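Q: Below you'll find work_20.cif; it's mmCIF, C-alpha atoms.
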data_coords
#
loop_
_atom_site.label_atom_id
_atom_site.label_comp_id
_atom_site.auth_asym_id
_atom_site.auth_seq_id
_atom_site.Cartn_x
_atom_site.Cartn_y
_atom_site.Cartn_z
CA TRP R 1 -44.77 18.10 -86.29
CA LEU R 2 -44.11 21.81 -85.84
CA PRO R 3 -47.02 22.44 -83.38
CA TRP R 4 -45.95 19.48 -81.23
CA ALA R 5 -42.39 20.71 -81.18
CA ILE R 6 -43.55 24.17 -80.08
CA VAL R 7 -45.77 22.72 -77.33
CA SER R 8 -42.96 20.50 -76.05
CA ALA R 9 -40.54 23.42 -75.98
CA VAL R 10 -43.00 25.59 -74.06
CA ALA R 11 -43.81 22.80 -71.59
CA ALA R 12 -40.12 22.40 -70.86
CA CYS R 13 -40.04 25.97 -69.51
CA THR R 14 -41.14 25.35 -65.95
CA VAL R 15 -42.28 28.36 -63.97
CA GLY R 16 -39.89 29.46 -61.25
CA PRO R 17 -36.55 28.03 -60.11
CA ASP R 18 -36.10 24.59 -58.61
CA PHE R 19 -36.29 24.46 -54.83
CA ALA R 20 -32.99 24.61 -52.99
CA PRO R 21 -32.58 24.57 -49.20
CA PRO R 22 -31.48 27.90 -47.77
CA SER R 23 -27.78 28.34 -47.04
CA LEU R 24 -27.29 29.18 -43.36
CA PRO R 25 -23.99 30.41 -41.88
CA VAL R 26 -23.44 27.48 -39.52
CA PRO R 27 -20.11 25.75 -38.80
CA LYS R 28 -19.44 22.43 -40.45
CA GLY R 29 -18.24 20.93 -37.17
CA PHE R 30 -17.75 21.64 -33.49
CA ALA R 31 -14.48 21.41 -31.63
CA ALA R 32 -16.06 19.68 -28.62
CA ALA R 33 -18.05 17.16 -30.67
CA ASP R 34 -17.07 13.51 -30.40
CA ALA R 35 -17.16 10.89 -33.13
CA ALA R 36 -20.22 9.10 -31.76
CA PRO R 37 -22.87 8.39 -34.39
CA ALA R 38 -26.23 10.06 -34.15
CA ALA R 39 -28.86 8.15 -32.22
CA PRO R 40 -31.51 6.54 -34.40
CA ARG R 41 -34.91 8.24 -34.34
CA ASP R 42 -37.31 5.69 -32.86
CA ALA R 43 -41.03 6.44 -32.89
CA ARG R 44 -41.49 4.30 -29.75
CA TRP R 45 -38.33 5.34 -27.96
CA TRP R 46 -39.89 5.16 -24.48
CA GLN R 47 -40.23 1.39 -24.83
CA ARG R 48 -36.45 1.19 -24.56
CA LEU R 49 -36.89 2.02 -20.86
CA GLN R 50 -38.53 -1.41 -20.46
CA SER R 51 -41.20 -0.16 -18.08
CA PRO R 52 -44.63 -1.72 -18.75
CA GLN R 53 -46.18 0.72 -16.25
CA LEU R 54 -44.97 3.60 -18.44
CA ASP R 55 -46.26 2.30 -21.78
CA GLN R 56 -49.94 2.58 -20.86
CA PRO R 57 -50.02 6.29 -19.87
CA VAL R 58 -47.91 7.25 -22.89
CA GLU R 59 -50.20 5.40 -25.27
CA GLN R 60 -53.25 6.92 -23.60
CA ALA R 61 -51.79 10.42 -23.92
CA LEU R 62 -51.00 9.89 -27.60
CA THR R 63 -54.53 8.64 -28.21
CA ASP R 64 -56.42 11.35 -26.30
CA ASN R 65 -54.28 14.42 -26.93
CA ARG R 66 -56.10 16.95 -29.13
CA ASP R 67 -52.95 18.56 -30.52
CA ARG R 68 -51.79 15.20 -31.84
CA ARG R 69 -55.21 14.44 -33.28
CA ALA R 70 -55.11 17.77 -35.12
CA ALA R 71 -51.59 17.01 -36.40
CA LEU R 72 -52.71 13.63 -37.75
CA ALA R 73 -55.71 15.28 -39.38
CA ARG R 74 -53.38 17.75 -41.09
CA ILE R 75 -51.38 14.83 -42.46
CA ARG R 76 -54.49 13.31 -44.01
CA ALA R 77 -55.53 16.66 -45.47
CA ALA R 78 -52.06 17.32 -46.90
CA ARG R 79 -51.88 13.86 -48.46
CA ALA R 80 -55.32 14.31 -49.99
CA ALA R 81 -54.26 17.67 -51.44
CA ALA R 82 -51.11 16.06 -52.87
CA GLY R 83 -53.21 13.33 -54.46
CA ILE R 84 -55.51 15.89 -56.04
CA ALA R 85 -52.53 17.83 -57.41
CA ASP R 86 -51.07 14.66 -58.91
CA ALA R 87 -54.43 13.70 -60.42
CA ALA R 88 -54.68 17.07 -62.15
CA ARG R 89 -51.64 16.14 -64.25
CA MET R 90 -53.30 12.96 -65.53
CA PRO R 91 -55.93 12.57 -68.27
CA GLN R 92 -59.46 13.06 -66.99
CA VAL R 93 -61.81 10.33 -68.18
CA ASP R 94 -65.60 10.48 -67.88
CA ALA R 95 -67.99 7.72 -68.91
CA ALA R 96 -71.76 7.52 -68.65
CA GLY R 97 -74.33 4.92 -69.63
CA ASN R 98 -78.12 4.75 -69.70
CA TYR R 99 -80.85 2.29 -70.46
CA THR R 100 -84.50 2.95 -71.34
CA ARG R 101 -87.37 0.48 -71.64
CA THR R 102 -90.27 1.77 -73.78
CA VAL R 103 -93.65 0.10 -73.97
CA THR R 104 -96.44 1.44 -76.26
CA THR R 105 -100.11 0.56 -76.21
CA GLU R 106 -102.43 -0.24 -79.07
CA ALA R 107 -104.12 3.15 -78.62
CA SER R 108 -100.88 5.00 -79.27
CA LEU R 109 -100.60 7.11 -82.41
CA SER R 110 -97.03 5.92 -82.95
CA PRO R 111 -96.39 3.53 -85.79
CA LEU R 112 -94.66 1.34 -83.18
CA ARG R 113 -97.86 0.97 -81.14
CA GLY R 114 -98.29 -2.25 -79.32
CA ARG R 115 -94.54 -2.88 -79.27
CA SER R 116 -91.83 -2.62 -76.69
CA PHE R 117 -88.20 -1.86 -77.28
CA ASP R 118 -84.99 -1.09 -75.40
CA THR R 119 -82.65 1.85 -75.87
CA PHE R 120 -79.06 1.80 -74.73
CA GLY R 121 -76.75 4.78 -74.53
CA LEU R 122 -73.04 5.02 -73.78
CA GLY R 123 -70.93 8.15 -73.58
CA PHE R 124 -67.19 8.54 -73.20
CA ASP R 125 -65.17 11.72 -72.72
CA MET R 126 -61.49 12.30 -72.07
CA ALA R 127 -59.62 15.57 -71.43
CA TRP R 128 -55.99 16.27 -70.65
CA GLU R 129 -54.60 19.65 -69.65
CA LEU R 130 -51.13 20.18 -71.02
CA ASP R 131 -48.84 21.40 -68.29
CA LEU R 132 -47.65 24.49 -70.09
CA PHE R 133 -44.94 26.33 -68.14
CA GLY R 134 -45.00 23.62 -65.46
CA ARG R 135 -47.79 25.06 -63.33
CA LEU R 136 -49.23 21.65 -62.46
CA ALA R 137 -45.79 20.21 -61.75
CA ARG R 138 -44.98 23.03 -59.32
CA GLU R 139 -48.36 22.59 -57.66
CA SER R 140 -47.68 18.87 -57.21
CA GLU R 141 -44.23 19.58 -55.76
CA ALA R 142 -45.64 22.12 -53.31
CA ARG R 143 -48.39 19.82 -52.09
CA ALA R 144 -45.94 16.94 -51.67
CA ALA R 145 -43.65 19.19 -49.61
CA GLU R 146 -46.59 20.25 -47.44
CA ALA R 147 -47.41 16.60 -46.79
CA VAL R 148 -43.82 15.92 -45.70
CA MET R 149 -43.93 18.99 -43.46
CA ALA R 150 -47.20 17.83 -41.88
CA GLU R 151 -45.65 14.43 -41.15
CA ALA R 152 -42.63 16.07 -39.54
CA ASP R 153 -44.88 18.29 -37.40
CA ALA R 154 -46.91 15.29 -36.24
CA LEU R 155 -43.73 13.41 -35.33
CA ALA R 156 -42.48 16.39 -33.35
CA VAL R 157 -45.80 16.63 -31.48
CA THR R 158 -45.67 12.92 -30.73
CA GLU R 159 -42.11 13.02 -29.43
CA SER R 160 -42.77 16.14 -27.33
CA LEU R 161 -45.92 14.70 -25.80
CA ALA R 162 -44.25 11.38 -25.02
CA ALA R 163 -41.31 13.22 -23.44
CA GLU R 164 -43.67 15.19 -21.20
CA VAL R 165 -45.39 12.00 -20.02
CA VAL R 166 -42.07 10.23 -19.41
CA THR R 167 -40.76 13.23 -17.46
CA ALA R 168 -43.90 13.35 -15.31
CA TYR R 169 -43.66 9.61 -14.73
CA ALA R 170 -40.01 9.91 -13.69
CA ASP R 171 -40.93 12.75 -11.31
CA LEU R 172 -43.66 10.58 -9.82
CA ILE R 173 -41.29 7.64 -9.30
CA GLY R 174 -38.72 9.94 -7.72
CA ALA R 175 -41.32 11.50 -5.43
CA THR R 176 -42.57 8.06 -4.42
CA GLN R 177 -39.06 6.94 -3.52
CA ARG R 178 -38.37 10.16 -1.61
CA ARG R 179 -41.64 9.69 0.26
CA ALA R 180 -40.66 6.17 1.28
CA ALA R 181 -37.24 7.38 2.43
CA THR R 182 -38.85 10.23 4.39
CA GLN R 183 -41.25 7.83 6.07
CA ALA R 184 -38.29 5.72 7.13
CA GLY R 185 -36.61 8.88 8.45
CA ILE R 186 -39.71 9.75 10.50
CA ARG R 187 -39.76 6.31 12.09
CA ALA R 188 -36.08 6.58 12.92
CA GLY R 189 -36.62 10.08 14.36
CA GLU R 190 -39.50 8.88 16.51
CA GLU R 191 -37.38 6.03 17.84
CA LEU R 192 -34.51 8.42 18.56
CA LEU R 193 -36.84 10.87 20.35
CA ALA R 194 -38.30 8.07 22.47
CA LEU R 195 -34.80 6.91 23.42
CA VAL R 196 -33.56 10.40 24.26
CA THR R 197 -36.69 11.13 26.29
CA ALA R 198 -36.24 7.93 28.26
CA ARG R 199 -32.59 8.81 28.92
CA ALA R 200 -33.63 12.28 30.15
CA ARG R 201 -36.21 10.81 32.49
CA GLY R 202 -33.62 8.38 33.86
CA GLY R 203 -31.23 11.15 34.62
CA VAL R 204 -28.56 10.12 32.04
CA GLY R 205 -29.71 12.55 29.36
CA SER R 206 -30.41 16.24 29.07
CA ASP R 207 -33.28 18.38 27.92
CA LEU R 208 -31.00 19.77 25.21
CA GLU R 209 -30.70 16.34 23.60
CA THR R 210 -34.47 15.93 23.77
CA ALA R 211 -35.06 19.31 22.15
CA SER R 212 -32.53 18.52 19.40
CA ALA R 213 -34.24 15.20 18.66
CA GLU R 214 -37.62 16.96 18.49
CA ARG R 215 -36.30 19.54 16.03
CA GLN R 216 -34.80 16.84 13.82
CA LEU R 217 -38.09 14.91 13.81
CA ALA R 218 -40.05 18.09 13.02
CA ALA R 219 -37.72 18.82 10.08
CA VAL R 220 -38.23 15.35 8.62
CA ARG R 221 -42.01 15.64 9.04
CA ALA R 222 -41.90 19.02 7.28
CA ARG R 223 -40.18 17.41 4.29
CA MET R 224 -42.97 14.84 4.24
#
Could you write out this file's structure as structure tokens?

A:
Amino acid sequence: WLPWAIVSAVAACTVGPDFAPPSLPVPKGFAAADAAPAAPRDARWWQRLQSPQLDQPVEQALTDNRDRRAALARIRAARAAAGIADAARMPQVDAAGNYTRTVTTEASLSPLRGRSFDTFGLGFDMAWELDLFGRLARESEARAAEAVMAEADALAVTESLAAEVVTAYADLIGATQRRAATQAGIRAGEELLALVTARARGGVGSDLETASAERQLAAVRARM
């Protein structure tokens, strides 16, 4: 029992200290903060806007964007590395089998000439690396942390990309509405200019009013 006790004692001595988040000098609260709870983090937050016309461009951007594809690939790579690190802590089992069919002729010099026989083989091997000093455990912890970090990075890329598309869509809607309002202003300016011109020709208006109406219409057309 003495060797097992020594091995167990050595294995309990894990290399390096346990991870602890860094302590940053930040205030525990803010004087201007209200008591409102934090908003839940929704992966499809733009659907709360209830705009079917917005869902399609956002989904297309998330599908075609190369940065997001790379972030998702890093998640798969990190998870695979974490799986490999976990597997290294488990027993490694190898098994192999073979089968041979032998047929001899009457002309063979073997005493088994003229006979046929089968040969079966089966091999089994198992190895297990003891995690002395906790090297494999630390490796597994590091790879798991990298997988979590890759997932957080991919979520940040997704949220940033969706925000850019939503912002561009909102700008487009605003520009469309401003364009419609400007078109209405041009029509009103044209009607006003026609009325002022008719008044000037009839002798009840002045050229100053006509010039002012022309300037106003030109300004609206410039905004267009």

Q: Show me the residues around (-47.1, 18.7, -68.8) - criterion: an atom at most 7 Å away, all atoms listed in the file counted - as a PyMOL selection string.

A: chain R and resi 11+89+130-132+134

Q: For the structure provided, state which residues fall under the PyMOL selection byres ((chain R and resi 210) around 8), and present them as a PyMOL selection string.

A: chain R and resi 193+196-197+200+206-209+211-214

Q: For Leu217 (chain R), which residue among R:Arg178, R:Arg201, R:Arg76, R:Arg187 is the nearest when counting all atoms listed in the file?

A: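 Counting all atoms listed in the file, the residue closest to Leu217 (chain R) is R:Arg187.
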
Q: Could you tell me how far CA of Glu164 (chain R) sits from CA of Thr63 (chain R), in Å to one decimal place?

A: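 These two atoms are separated by 14.5 Å.
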
Q: Grab the CA of Ala96 (chain R) to CA of Gly121 (chain R) distance for me, in Å with one decimal place.

A: 8.2 Å

Q: Provide the CA of Arg138 (chain R) to CA of Asp94 (chain R) distance in Å, to one decimal place.

A: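 CA of Asp94 (chain R) lies at a distance of 25.6 Å from CA of Arg138 (chain R).
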
Q: Just want the 8 Å neighbourhood of Ala95 (chain R), counted on all atoms listed in the file, with same-chain residues fewer than 2 positions away dropped. Output as a PDB file with C-alpha atoms, keeping the file's coordinate frame.

A:
ATOM      1  CA  VAL R  93     -61.810  10.330 -68.180  1.00  0.00           C
ATOM      2  CA  GLY R  97     -74.330   4.920 -69.630  1.00  0.00           C
ATOM      3  CA  LEU R 122     -73.040   5.020 -73.780  1.00  0.00           C
ATOM      4  CA  GLY R 123     -70.930   8.150 -73.580  1.00  0.00           C
ATOM      5  CA  PHE R 124     -67.190   8.540 -73.200  1.00  0.00           C
ATOM      6  CA  ASP R 125     -65.170  11.720 -72.720  1.00  0.00           C
TER       7      ASP R 125
END

Q: From the set R:Ala198, R:Ala43, R:Ala107, R:Ala218, which residue has the shortest atom-to-atom contact distance to Glu59 (chain R), counting only C-alpha atoms?

A: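 Of R:Ala198, R:Ala43, R:Ala107, R:Ala218, the one nearest Glu59 (chain R), counting only C-alpha atoms, is R:Ala43.
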